[in-house]
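Novice: Sharing entry.txt, compact mmCIF, C-alpha atoms:
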# COMPACT_ATOMS: atom_id res chain seq x y z
CA MET A 439 -90.60 51.91 193.58
CA PRO A 440 -91.69 50.52 195.30
CA ALA A 441 -88.54 50.37 194.32
CA ALA A 442 -87.13 50.52 193.58
CA SER A 443 -87.07 50.81 194.71
CA THR A 444 -87.27 50.74 192.02
CA GLU A 445 -86.72 53.36 192.74
CA ALA A 446 -83.23 52.14 192.53
CA SER A 447 -82.51 52.75 188.86
CA ALA A 448 -85.44 54.43 187.24
CA PRO A 449 -84.45 56.69 184.29
CA VAL A 450 -85.19 60.31 185.01
CA ALA A 451 -86.69 63.02 182.90
CA GLY A 452 -84.06 65.39 181.68
CA ALA A 453 -81.11 63.00 181.50
CA LEU A 454 -80.31 64.46 178.09
CA GLU A 455 -81.53 68.02 177.71
CA PRO A 456 -81.71 70.34 174.70
CA GLN A 457 -78.60 72.38 174.09
CA SER A 458 -80.67 75.55 174.60
CA SER A 459 -80.65 74.88 178.35
CA ARG A 460 -76.87 75.28 178.54
CA LYS A 461 -74.99 78.56 178.46
CA PRO A 462 -72.92 79.00 175.29
CA SER A 463 -69.91 80.29 177.28
CA SER A 464 -70.55 78.61 180.62
CA PRO A 465 -67.86 77.51 183.11
CA GLU A 466 -66.16 74.18 182.79
CA PRO A 467 -68.23 71.22 184.06
CA LEU A 468 -67.43 69.59 187.38
CA SER A 469 -64.97 66.71 187.64
CA PRO A 470 -64.31 64.14 190.38
CA GLY A 471 -61.86 65.41 192.96
CA GLU A 472 -63.21 68.95 192.93
CA PRO A 473 -64.84 70.10 196.20
CA ALA A 474 -67.94 71.26 194.31
CA TYR A 475 -68.28 67.81 192.69
CA ARG A 476 -68.15 66.10 196.09
CA ARG A 477 -70.72 68.53 197.51
CA MET A 478 -73.00 67.96 194.53
CA SER A 479 -72.73 64.17 194.78
CA LEU A 480 -73.53 64.12 198.49
CA ALA A 481 -76.38 66.61 198.02
CA LEU A 482 -78.11 64.52 195.36
CA PHE A 483 -77.52 61.35 197.37
CA ALA A 484 -79.36 63.07 200.25
CA ALA A 485 -82.15 64.16 197.88
CA GLY A 486 -82.60 60.56 196.75
CA VAL A 487 -82.74 59.35 200.36
CA ALA A 488 -85.37 61.97 201.30
CA ALA A 489 -87.54 61.46 198.22
CA PHE A 490 -87.74 57.69 198.23
CA ALA A 491 -87.95 57.30 202.00
CA LEU A 492 -91.11 59.45 201.84
CA LEU A 493 -92.54 57.92 198.67
CA TYR A 494 -92.88 54.39 200.09
CA SER A 495 -93.10 55.30 203.78
CA THR A 496 -96.43 53.54 204.41
CA GLN A 497 -95.58 50.31 202.58
CA ALA A 498 -94.12 48.46 205.57
CA LEU A 499 -96.93 49.77 207.82
CA LEU A 500 -99.97 48.60 205.87
CA PRO A 501 -101.04 45.85 208.31
CA ALA A 502 -100.97 48.36 211.19
CA VAL A 503 -102.88 50.95 209.13
CA SER A 504 -105.50 48.32 208.27
CA ALA A 505 -105.91 47.36 211.92
CA ASP A 506 -106.10 50.94 213.19
CA PHE A 507 -108.69 52.15 210.69
CA GLY A 508 -110.49 48.81 210.44
CA VAL A 509 -110.10 48.56 206.67
CA THR A 510 -109.09 45.86 204.22
CA ALA A 511 -105.64 45.42 202.71
CA SER A 512 -106.89 46.79 199.38
CA ALA A 513 -108.16 49.97 201.04
CA ALA A 514 -104.92 50.49 202.98
CA SER A 515 -102.83 49.89 199.86
CA TRP A 516 -104.13 53.19 198.45
CA THR A 517 -101.72 54.97 200.82
CA VAL A 518 -98.95 53.64 198.56
CA SER A 519 -100.74 53.65 195.21
CA ALA A 520 -101.89 57.26 195.61
CA SER A 521 -98.32 58.54 196.05
CA THR A 522 -96.78 56.55 193.19
CA GLY A 523 -99.74 57.26 190.90
CA ALA A 524 -99.50 61.01 191.52
CA LEU A 525 -95.75 60.92 190.89
CA ALA A 526 -96.39 59.14 187.58
CA LEU A 527 -98.82 61.86 186.50
CA PHE A 528 -96.61 64.82 187.44
CA VAL A 529 -93.14 63.75 186.27
CA LEU A 530 -93.62 64.94 182.68
CA PRO A 531 -95.10 68.41 183.40
CA LEU A 532 -92.57 69.08 186.16
CA SER A 533 -89.69 68.11 183.86
CA ALA A 534 -90.92 70.88 181.54
CA LEU A 535 -91.14 73.39 184.42
CA SER A 536 -87.53 72.67 185.34
CA GLU A 537 -86.57 74.13 181.95
CA ARG A 538 -88.13 77.44 182.94
CA PHE A 539 -87.39 77.76 186.67
CA GLY A 540 -84.23 75.68 187.06
CA ARG A 541 -83.36 72.23 188.36
CA ARG A 542 -82.10 73.33 191.77
CA THR A 543 -85.15 75.50 192.43
CA LEU A 544 -87.58 72.76 191.43
CA MET A 545 -85.88 70.12 193.57
CA THR A 546 -85.78 72.46 196.56
CA VAL A 547 -89.46 73.35 196.32
CA SER A 548 -90.45 69.72 195.72
CA LEU A 549 -88.56 68.40 198.72
CA THR A 550 -89.77 71.22 200.97
CA VAL A 551 -93.43 70.58 200.16
CA ALA A 552 -93.00 66.80 200.43
CA VAL A 553 -91.26 67.02 203.82
CA VAL A 554 -93.93 69.37 205.23
CA LEU A 555 -96.60 66.93 204.09
CA GLY A 556 -94.53 64.08 205.55
CA LEU A 557 -94.66 65.72 208.96
CA LEU A 558 -98.44 66.16 208.64
CA VAL A 559 -99.17 62.61 207.44
CA PRO A 560 -98.88 61.02 210.93
CA LEU A 561 -101.69 63.34 212.11
CA ALA A 562 -104.21 62.10 209.54
CA PRO A 563 -107.52 61.47 211.36
CA SER A 564 -108.90 59.06 208.75
CA LEU A 565 -107.82 56.82 205.92
CA GLU A 566 -109.33 59.23 203.38
CA VAL A 567 -107.24 62.13 204.67
CA LEU A 568 -104.14 59.92 204.80
CA VAL A 569 -104.60 58.89 201.15
CA ALA A 570 -105.17 62.50 200.07
CA LEU A 571 -102.00 63.68 201.84
CA ARG A 572 -100.02 60.83 200.29
CA ALA A 573 -101.28 61.76 196.81
CA LEU A 574 -100.15 65.37 197.33
CA GLN A 575 -96.82 64.08 198.59
CA GLY A 576 -96.30 61.95 195.48
CA ALA A 577 -97.11 64.90 193.21
CA ALA A 578 -94.57 67.05 195.07
CA LEU A 579 -91.88 64.37 194.96
CA ALA A 580 -92.17 64.14 191.16
CA GLY A 581 -90.03 67.27 190.96
CA VAL A 582 -86.94 65.45 192.26
CA PRO A 583 -86.56 62.81 189.53
CA ALA A 584 -87.87 65.34 187.00
CA ALA A 585 -84.87 67.63 187.58
CA ALA A 586 -82.01 65.66 189.16
CA MET A 587 -80.61 63.99 186.04
CA ALA A 588 -80.92 67.19 184.01
CA TYR A 589 -78.89 68.99 186.68
CA LEU A 590 -76.21 66.30 186.52
CA ALA A 591 -76.11 66.26 182.72
CA GLU A 592 -75.51 70.03 182.66
CA GLU A 593 -73.09 70.41 185.55
CA VAL A 594 -70.88 67.31 185.36
CA ARG A 595 -68.13 66.42 182.90
CA PRO A 596 -69.46 63.67 180.56
CA ARG A 597 -66.86 61.09 181.60
CA ALA A 598 -67.86 61.53 185.25
CA LEU A 599 -71.60 61.50 184.61
CA ILE A 600 -72.17 57.77 185.08
CA GLY A 601 -70.53 57.83 188.51
CA ALA A 602 -72.56 60.87 189.59
CA ILE A 603 -75.79 59.28 188.39
CA GLY A 604 -74.87 56.05 190.16
CA LEU A 605 -74.58 57.86 193.48
CA PHE A 606 -77.97 59.50 193.01
CA VAL A 607 -79.52 56.14 192.14
CA ALA A 608 -77.86 54.66 195.24
CA GLY A 609 -79.55 57.39 197.25
CA ASN A 610 -82.89 56.35 195.75
CA SER A 611 -82.29 52.74 196.71
CA ILE A 612 -80.99 53.51 200.20
CA GLY A 613 -83.87 55.94 200.78
CA GLY A 614 -86.50 53.43 199.73
CA MET A 615 -84.92 50.72 201.87
CA SER A 616 -84.15 52.85 204.94
CA GLY A 617 -87.60 54.44 204.93
CA ARG A 618 -89.22 51.04 205.22
CA ILE A 619 -86.80 49.83 207.89
CA VAL A 620 -87.11 53.01 209.99
CA THR A 621 -90.91 52.97 209.84
CA GLY A 622 -91.04 49.26 210.69
CA TRP A 623 -88.93 49.51 213.84
CA ALA A 624 -90.44 52.81 214.99
CA ALA A 625 -93.92 51.36 214.50
CA GLN A 626 -93.04 48.31 216.57
CA PHE A 627 -92.51 50.52 219.61
CA GLY A 628 -94.84 53.47 218.93
CA GLY A 629 -97.40 52.47 216.31
CA TRP A 630 -97.64 53.35 212.64
CA ARG A 631 -97.97 57.09 213.32
CA ALA A 632 -94.61 57.04 215.11
CA GLY A 633 -93.17 55.18 212.13
CA LEU A 634 -94.32 57.87 209.70
CA ALA A 635 -93.10 60.63 212.02
CA ALA A 636 -89.67 58.99 212.16
CA VAL A 637 -89.34 58.82 208.39
CA GLY A 638 -90.55 62.43 208.18
CA VAL A 639 -87.70 63.52 210.47
CA LEU A 640 -85.22 61.41 208.45
CA ALA A 641 -86.40 63.10 205.24
CA LEU A 642 -86.20 66.56 206.84
CA ILE A 643 -82.55 66.00 207.81
CA ALA A 644 -81.71 64.68 204.33
CA ALA A 645 -83.49 67.61 202.66
CA VAL A 646 -81.55 70.14 204.74
CA VAL A 647 -78.29 68.40 203.83
CA PHE A 648 -79.29 68.57 200.16
CA ARG A 649 -80.07 72.29 200.24
CA VAL A 650 -76.92 73.22 202.15
CA LEU A 651 -74.55 71.20 199.96
CA LEU A 652 -75.93 71.51 196.41
CA PRO A 653 -73.85 74.05 194.45
CA ARG A 654 -75.62 76.77 192.49
CA PRO A 655 -76.00 75.78 188.83
CA ARG A 656 -73.32 77.29 186.62
CA ARG A 657 -74.33 75.96 183.20
CA PHE A 658 -78.11 76.38 183.15
CA THR A 659 -80.02 78.95 181.09
CA PRO A 660 -83.81 79.16 181.45
CA SER A 661 -85.81 78.35 178.35
CA PRO A 662 -89.53 78.92 177.74
CA VAL A 663 -91.97 76.09 178.26
CA SER A 664 -93.66 75.23 174.98
CA PRO A 665 -96.68 72.98 175.48
CA GLY A 666 -97.00 72.51 171.73
CA ILE A 667 -93.45 71.24 171.26
CA LEU A 668 -93.74 69.05 174.35
CA ALA A 669 -97.01 67.53 173.10
CA SER A 670 -95.53 66.90 169.65
CA THR A 671 -92.50 65.14 171.14
CA VAL A 672 -94.67 62.99 173.39
CA ARG A 673 -96.93 62.02 170.48
CA GLY A 674 -93.89 60.99 168.49
CA HIS A 675 -92.64 58.73 171.26
CA LEU A 676 -96.06 57.17 171.79
CA ALA A 677 -96.21 56.39 168.06
CA ASN A 678 -92.97 54.37 168.26
CA PRO A 679 -93.87 50.67 168.68
CA LEU A 680 -90.55 49.74 170.31
CA LEU A 681 -90.79 52.53 172.88
CA LEU A 682 -94.37 51.52 173.65
CA ARG A 683 -93.23 47.94 174.29
CA LEU A 684 -90.43 49.15 176.56
CA TYR A 685 -92.85 51.35 178.51
CA ALA A 686 -95.21 48.39 178.90
CA ILE A 687 -92.39 46.07 179.98
CA GLY A 688 -91.27 48.55 182.64
CA ALA A 689 -94.84 48.92 183.89
CA LEU A 690 -95.38 45.14 184.01
CA PHE A 691 -92.17 44.46 185.92
CA MET A 692 -93.12 47.20 188.37
CA THR A 693 -96.62 45.71 188.70
CA VAL A 694 -95.00 42.52 190.02
CA PHE A 695 -92.71 44.41 192.34
CA GLY A 696 -95.43 46.75 193.60
CA ALA A 697 -97.84 43.89 194.29
CA VAL A 698 -95.26 41.75 196.10
CA TYR A 699 -93.79 44.46 198.31
CA THR A 700 -97.13 46.07 199.11
CA MET A 701 -98.54 42.77 200.35
CA ILE A 702 -95.47 41.08 201.81
CA GLY A 703 -96.10 42.77 205.17
CA TYR A 704 -99.47 41.04 205.45
CA ARG A 705 -97.93 37.74 204.35
CA LEU A 706 -95.22 37.87 207.02
CA THR A 707 -97.30 39.22 209.92
CA GLU A 708 -99.95 36.51 209.47
CA GLU A 709 -99.56 32.84 210.34
CA PRO A 710 -97.51 30.72 209.95
CA PHE A 711 -94.83 33.44 210.33
CA GLY A 712 -96.27 36.07 212.71
CA LEU A 713 -93.29 38.42 212.45
CA PRO A 714 -93.28 41.77 214.33
CA PRO A 715 -93.26 45.07 212.34
CA GLY A 716 -89.58 45.78 212.95
CA VAL A 717 -88.50 42.44 211.51
CA VAL A 718 -90.87 42.87 208.55
CA GLY A 719 -89.33 46.28 207.87
CA SER A 720 -85.87 44.75 207.94
CA VAL A 721 -86.90 42.37 205.14
CA PHE A 722 -86.51 45.35 202.81
CA LEU A 723 -82.74 44.94 203.14
CA VAL A 724 -83.32 42.58 200.22
CA TYR A 725 -83.31 45.75 198.09
CA LEU A 726 -79.51 45.62 198.23
CA VAL A 727 -79.74 42.59 195.93
CA GLY A 728 -81.44 44.81 193.38
CA THR A 729 -78.59 47.29 193.46
CA VAL A 730 -76.20 44.49 192.51
CA SER A 731 -78.42 42.99 189.79
CA SER A 732 -79.15 46.34 188.13
CA ALA A 733 -75.43 47.14 188.11
CA GLY A 734 -74.78 43.82 186.35
CA ALA A 735 -77.50 44.32 183.74
CA GLY A 736 -75.03 45.80 181.25
CA ARG A 737 -72.90 42.65 181.34
CA LEU A 738 -76.02 40.51 180.89
CA VAL A 739 -77.03 42.45 177.78
CA ALA A 740 -73.50 42.18 176.37
CA ARG A 741 -73.58 38.41 176.84
CA LEU A 742 -77.22 37.54 176.08
CA GLY A 743 -78.57 40.51 174.12
CA ARG A 744 -81.42 42.70 175.33
CA ARG A 745 -84.14 40.11 174.78
CA GLY A 746 -82.07 37.33 176.31
CA ALA A 747 -81.46 39.45 179.39
CA LEU A 748 -85.19 40.17 179.66
CA TYR A 749 -86.02 36.46 179.42
CA LEU A 750 -83.49 35.68 182.17
CA ALA A 751 -85.04 38.42 184.34
CA VAL A 752 -88.48 36.88 183.77
CA VAL A 753 -87.29 33.37 184.67
CA THR A 754 -85.63 34.67 187.85
CA THR A 755 -88.72 36.64 188.87
CA THR A 756 -91.02 33.71 188.13
CA GLY A 757 -88.89 31.35 190.20
CA GLY A 758 -89.04 33.80 193.10
CA LEU A 759 -92.81 34.14 192.88
CA LEU A 760 -93.30 30.36 192.95
CA LEU A 761 -90.82 29.92 195.80
CA SER A 762 -92.62 32.57 197.87
CA LEU A 763 -95.68 30.29 198.06
CA SER A 764 -93.78 28.03 200.47
CA ALA A 765 -94.68 27.84 204.16
CA SER A 766 -90.96 28.02 204.98
CA LEU A 767 -89.72 31.49 205.98
CA ALA A 768 -86.30 30.76 204.47
CA ALA A 769 -87.92 29.83 201.14
CA VAL A 770 -90.08 32.98 201.16
CA LEU A 771 -87.03 35.16 201.81
CA LEU A 772 -85.10 33.43 199.02
CA GLY A 773 -88.11 34.00 196.79
CA LEU A 774 -87.98 37.73 197.61
CA VAL A 775 -84.27 37.78 196.72
CA LEU A 776 -85.02 36.24 193.30
CA ILE A 777 -88.01 38.52 192.65
CA THR A 778 -85.93 41.57 193.55
CA ALA A 779 -82.95 40.52 191.45
CA GLY A 780 -85.14 39.70 188.44
CA PHE A 781 -87.14 42.91 188.70
CA PHE A 782 -84.14 45.23 188.96
CA ALA A 783 -82.33 43.48 186.11
CA GLY A 784 -85.37 43.65 183.84
CA HIS A 785 -86.04 47.26 184.76
CA ALA A 786 -82.43 48.26 184.11
CA VAL A 787 -82.47 46.58 180.69
CA ALA A 788 -85.76 48.19 179.63
CA SER A 789 -84.95 51.65 180.95
CA SER A 790 -81.51 51.79 179.32
CA ALA A 791 -83.04 50.66 176.02
CA VAL A 792 -85.37 53.67 176.07
CA SER A 793 -82.48 56.15 175.88
CA ARG A 794 -80.85 54.16 173.08
CA THR A 795 -84.09 53.90 171.11
CA ALA A 796 -85.14 57.56 171.31
CA THR A 797 -83.03 59.57 168.86
CA THR A 798 -84.70 62.89 169.75
CA GLY A 799 -86.46 64.15 172.87
CA ARG A 800 -84.67 61.67 175.12
CA ALA A 801 -85.70 63.59 178.23
CA GLN A 802 -89.37 63.19 177.37
CA ALA A 803 -88.86 59.54 176.37
CA SER A 804 -87.31 58.92 179.77
CA ALA A 805 -90.11 60.81 181.52
CA LEU A 806 -92.73 58.68 179.76
CA TYR A 807 -90.93 55.52 180.84
CA GLN A 808 -90.85 56.75 184.39
CA SER A 809 -94.55 57.59 184.27
CA ALA A 810 -95.31 54.07 183.06
CA TYR A 811 -92.97 52.64 185.71
CA TYR A 812 -94.67 54.38 188.62
CA LEU A 813 -98.10 53.76 187.15
CA GLY A 814 -97.17 50.08 187.23
CA SER A 815 -96.26 50.46 190.90
CA SER A 816 -99.62 52.06 191.64
CA VAL A 817 -101.58 49.46 189.69
CA GLY A 818 -99.55 46.62 191.18
CA GLY A 819 -100.14 47.80 194.73
CA THR A 820 -103.88 48.17 194.19
CA LEU A 821 -104.48 44.98 192.20
CA GLY A 822 -102.08 43.03 194.41
CA ALA A 823 -104.13 44.00 197.44
CA ILE A 824 -107.39 43.04 195.73
CA ALA A 825 -105.88 39.70 194.72
CA PHE A 826 -104.60 39.14 198.26
CA HIS A 827 -108.02 39.94 199.71
CA SER A 828 -109.65 37.47 197.31
CA GLY A 829 -107.15 34.62 197.27
CA GLY A 830 -104.48 35.27 199.87
CA TRP A 831 -100.81 35.30 198.93
CA ALA A 832 -101.52 32.85 196.10
CA GLY A 833 -103.74 35.52 194.53
CA THR A 834 -100.94 38.08 194.64
CA VAL A 835 -98.53 35.57 193.12
CA ALA A 836 -101.04 34.80 190.36
CA LEU A 837 -101.17 38.51 189.49
CA GLY A 838 -97.37 38.59 189.36
CA LEU A 839 -97.25 35.55 187.07
CA LEU A 840 -99.79 37.19 184.77
CA ALA A 841 -97.62 40.31 184.56
CA VAL A 842 -94.42 38.40 183.74
CA THR A 843 -96.37 36.48 181.08
CA GLY A 844 -97.10 39.88 179.56
CA VAL A 845 -93.38 40.68 179.55
CA VAL A 846 -92.63 37.40 177.75
CA SER A 847 -95.37 38.08 175.19
CA LEU A 848 -94.12 41.60 174.44
CA THR A 849 -90.51 40.45 174.18
CA ALA A 850 -91.42 37.56 171.87
CA TYR A 851 -93.51 39.90 169.74
CA GLY A 852 -90.54 42.26 169.51
CA SER A 853 -88.35 39.40 168.26
CA TRP A 854 -90.95 38.48 165.64
CA ALA A 855 -91.37 42.11 164.52
CA ALA A 856 -87.59 42.49 164.21
CA ARG A 857 -87.36 39.37 162.00
CA VAL A 858 -90.21 40.61 159.79
CA ALA A 859 -88.55 44.03 159.43
CA THR A 860 -85.23 42.37 158.53
CA ARG A 861 -86.88 40.21 155.85
CA ARG A 862 -88.63 43.25 154.38
CA THR A 863 -85.33 45.14 154.26
CA LEU A 864 -83.68 42.21 152.45
CA VAL A 865 -86.54 42.00 149.95
CA VAL A 866 -86.26 45.71 149.17
CA ALA A 867 -82.46 45.50 148.92
CA THR A 868 -82.61 42.57 146.49
CA GLY A 869 -85.43 44.01 144.43
CA GLY A 870 -87.85 41.31 145.49
CA HIS A 871 -85.65 38.37 144.52
Write the structure described by the file as structure tokens, please.
Specialist:
Amino acid sequence: MPAASTEASAPVAGALEPQSSRKPSSPEPLSPGEPAYRRMSLALFAAGVAAFALLYSTQALLPAVSADFGVTASAASWTVSASTGALALFVLPLSALSERFGRRTLMTVSLTVAVVLGLLVPLAPSLEVLVALRALQGAALAGVPAAAMAYLAEEVRPRALIGAIGLFVAGNSIGGMSGRIVTGWAAQFGGWRAGLAAVGVLALIAAVVFRVLLPRPRRFTPSPVSPGILASTVRGHLANPLLLRLYAIGALFMTVFGAVYTMIGYRLTEEPFGLPPGVVGSVFLVYLVGTVSSAGAGRLVARLGRRGALYLAVVTTTGGLLLSLSASLAAVLLGLVLITAGFFAGHAVASSAVSRTATTGRAQASALYQSAYYLGSSVGGTLGAIAFHSGGWAGTVALGLLAVTGVVSLTAYGSWAARVATRRTLVVATGGH
């Protein structure tokens, strides 16, 4: 996530943890209405705001970064791709460390390091230093999604878990959106460095709120980190064809989203639109559409099935991509609404299917999905910028269409594989008759 932004509903490592991480005679889990539950919910909402405001903080500022350093869009896009790529690489190992050192400790350290780096980022003297700081920031931020869901799964009563997770996801979405809006308007009056400083201060406030409010864990017991067991679980997931397809689908959807939202600033600041940075930043309010579409993904699956819901998400995203080619600002904005709605719906369907598909090691299955998801964001931002540099906005759209074609191909292959497996089962059951 971006986004989602993407950031809006990404599954998180540790959503379902081994029983060994819970105390055999631990206190009762938290329930809605309890003061500790309210404190926990607000704390994790603040953590989501801080983490995702920082993660995508440069995305709305790329045209200004390009102009200041005299670099191309593809070079500037590395300030986004470096952070999301580093997060993708570090989610899995940090999810394992949370088993040893605790969820609260890991989230606190991660946010502290990320905020300190966020306050240093505006001082970067060159693009190379800026990219390096952003990569370190992404690696640090990986600790938040790596531990947050595990904390919730351990501390919250099962019936209240969905609501608690929803508030954390809302924090992710609001953080990703507000970070872009804050940087856009601050940059309009003080330049891109002022924009990054503003989001750094916003993240600092949110991180302090998180640390003050989050209750001490009552149901966590440290367990040793076993690289061998972790590697075996990961190998098992990567050998599952359905999980591999779901990981690829998540990455491809995020490639579209990363490409579009990394380059949309250039599209809207250039002619025929010529919008100022503050207005461009406000375009990210479209993320709210994603919150609605991801929330409705469950109803889509119930009505159309998982593959039907994925096809509808692809059609919606494709329509948005084609509409965004228009020279009309209203049409471009409507295109962004459709792209955002389609992306979040497809991502919600794929990510929820991962937890249902993995019968063991669900935390690691979720972490692998998230790694693929943020890798897709990194690849989409980089390739989207290259495509934009080569062919303008039409080049970025072409990349997006290629990615959604990949989603259709994988989904169709899954349907074919399911039919073949069903026929084989019938043949075996009937003795070959």
Novice: At most 12 Å is the cut-off: for each residue in region 696-810 of chain A with any atom that close to an atom of region 837-855 of chain A, write down the nearest atom pair and the distance in Å rounded to one decimal, counting only C-alpha atoms, chain first then increasing number, as JSON lines.
Specialist:
{"residue": "A:Gly696", "atom": "CA", "partner": "A:Gly838", "partner_atom": "CA", "distance": 9.4}
{"residue": "A:Ala697", "atom": "CA", "partner": "A:Gly838", "partner_atom": "CA", "distance": 7.3}
{"residue": "A:Val698", "atom": "CA", "partner": "A:Gly838", "partner_atom": "CA", "distance": 7.7}
{"residue": "A:Tyr699", "atom": "CA", "partner": "A:Gly838", "partner_atom": "CA", "distance": 11.3}
{"residue": "A:Met701", "atom": "CA", "partner": "A:Gly838", "partner_atom": "CA", "distance": 11.8}
{"residue": "A:Gly743", "atom": "CA", "partner": "A:Ser853", "partner_atom": "CA", "distance": 11.5}
{"residue": "A:Arg744", "atom": "CA", "partner": "A:Thr849", "partner_atom": "CA", "distance": 9.4}
{"residue": "A:Arg745", "atom": "CA", "partner": "A:Thr849", "partner_atom": "CA", "distance": 6.4}
{"residue": "A:Gly746", "atom": "CA", "partner": "A:Thr849", "partner_atom": "CA", "distance": 9.2}
{"residue": "A:Ala747", "atom": "CA", "partner": "A:Thr849", "partner_atom": "CA", "distance": 10.5}
{"residue": "A:Leu748", "atom": "CA", "partner": "A:Thr849", "partner_atom": "CA", "distance": 7.6}
{"residue": "A:Tyr749", "atom": "CA", "partner": "A:Val846", "partner_atom": "CA", "distance": 6.9}
{"residue": "A:Leu750", "atom": "CA", "partner": "A:Val846", "partner_atom": "CA", "distance": 10.3}
{"residue": "A:Ala751", "atom": "CA", "partner": "A:Val842", "partner_atom": "CA", "distance": 9.4}
{"residue": "A:Val752", "atom": "CA", "partner": "A:Val842", "partner_atom": "CA", "distance": 6.1}
{"residue": "A:Val753", "atom": "CA", "partner": "A:Val842", "partner_atom": "CA", "distance": 8.8}
{"residue": "A:Thr754", "atom": "CA", "partner": "A:Val842", "partner_atom": "CA", "distance": 10.4}
{"residue": "A:Thr755", "atom": "CA", "partner": "A:Val842", "partner_atom": "CA", "distance": 7.9}
{"residue": "A:Thr756", "atom": "CA", "partner": "A:Leu839", "partner_atom": "CA", "distance": 6.6}
{"residue": "A:Gly757", "atom": "CA", "partner": "A:Leu839", "partner_atom": "CA", "distance": 9.9}
{"residue": "A:Gly758", "atom": "CA", "partner": "A:Gly838", "partner_atom": "CA", "distance": 10.3}
{"residue": "A:Leu759", "atom": "CA", "partner": "A:Gly838", "partner_atom": "CA", "distance": 7.3}
{"residue": "A:Leu760", "atom": "CA", "partner": "A:Leu839", "partner_atom": "CA", "distance": 8.8}
{"residue": "A:Ser762", "atom": "CA", "partner": "A:Gly838", "partner_atom": "CA", "distance": 11.5}
{"residue": "A:Ile777", "atom": "CA", "partner": "A:Gly838", "partner_atom": "CA", "distance": 9.9}
{"residue": "A:Gly780", "atom": "CA", "partner": "A:Val842", "partner_atom": "CA", "distance": 10.5}
{"residue": "A:Phe781", "atom": "CA", "partner": "A:Val842", "partner_atom": "CA", "distance": 9.9}
{"residue": "A:Gly784", "atom": "CA", "partner": "A:Val845", "partner_atom": "CA", "distance": 9.6}
{"residue": "A:His785", "atom": "CA", "partner": "A:Val845", "partner_atom": "CA", "distance": 11.1}
{"residue": "A:Ala788", "atom": "CA", "partner": "A:Thr849", "partner_atom": "CA", "distance": 10.6}
Novice: A:Ala552, A:Leu499, A:Val509, A:Val817: which is nearest Ala689 (chain A), counting only C-alpha atoms?
Specialist: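 So, comparing all the options, the nearest one is A:Val817.
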Novice: Here is a test: counting all atoms listed in the file, which residue of A:Val694, A:Ala580, A:Leu774, A:Ala562 is nearest to Thr546 (chain A)?
Specialist: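 Of all the options, A:Ala580 lies closest to Thr546 (chain A).
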Novice: Between CA of Thr621 (chain A) and CA of Trp831 (chain A), what distance in Å does the model show, to one decimal?
Specialist: 23.0 Å
Novice: Skipping near chain neighbours, those fewer than 6 positions away, what residues fall within 12 Å of Arg673 (chain A) using all atoms listed in the file, listed as a list of chain:residue names?
Specialist: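 Surrounding residues, per the criterion: A:Gly666, A:Ile667, A:Pro679, A:Leu681, A:Leu682, A:Gly799, A:Gln802, A:Ala803, A:Leu806.
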Novice: Between A:Ala584, A:Glu537, A:Leu767, A:Ser670, single out the one closest to Glu708 (chain A), counting all atoms listed in the file.
Specialist: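 Of A:Ala584, A:Glu537, A:Leu767, A:Ser670, the one nearest Glu708 (chain A), counting all atoms listed in the file, is A:Leu767.
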Novice: Which residue gives the smallest distance to Tyr589 (chain A) among A:Thr797, A:Thr517, A:Ser536, A:Ser816, with all atoms listed in the file counted?
Specialist: A:Ser536
Novice: Between A:Leu706, A:Val787, A:Met615, A:Ala513, which one has atoms that come closest to Leu742 (chain A), using all atoms listed in the file?
Specialist: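 Using all atoms listed in the file, the shortest distance to Leu742 (chain A) belongs to A:Val787.
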Novice: Residues at most 9 Å from Val721 (chain A), counting only C-alpha atoms, excluding those fewer than 6 positions away in the same chain, as a list in words?
Specialist: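 So, after excluding close chain neighbours, the residues are Arg618, Ile619, Leu771 and Leu774 of chain A.
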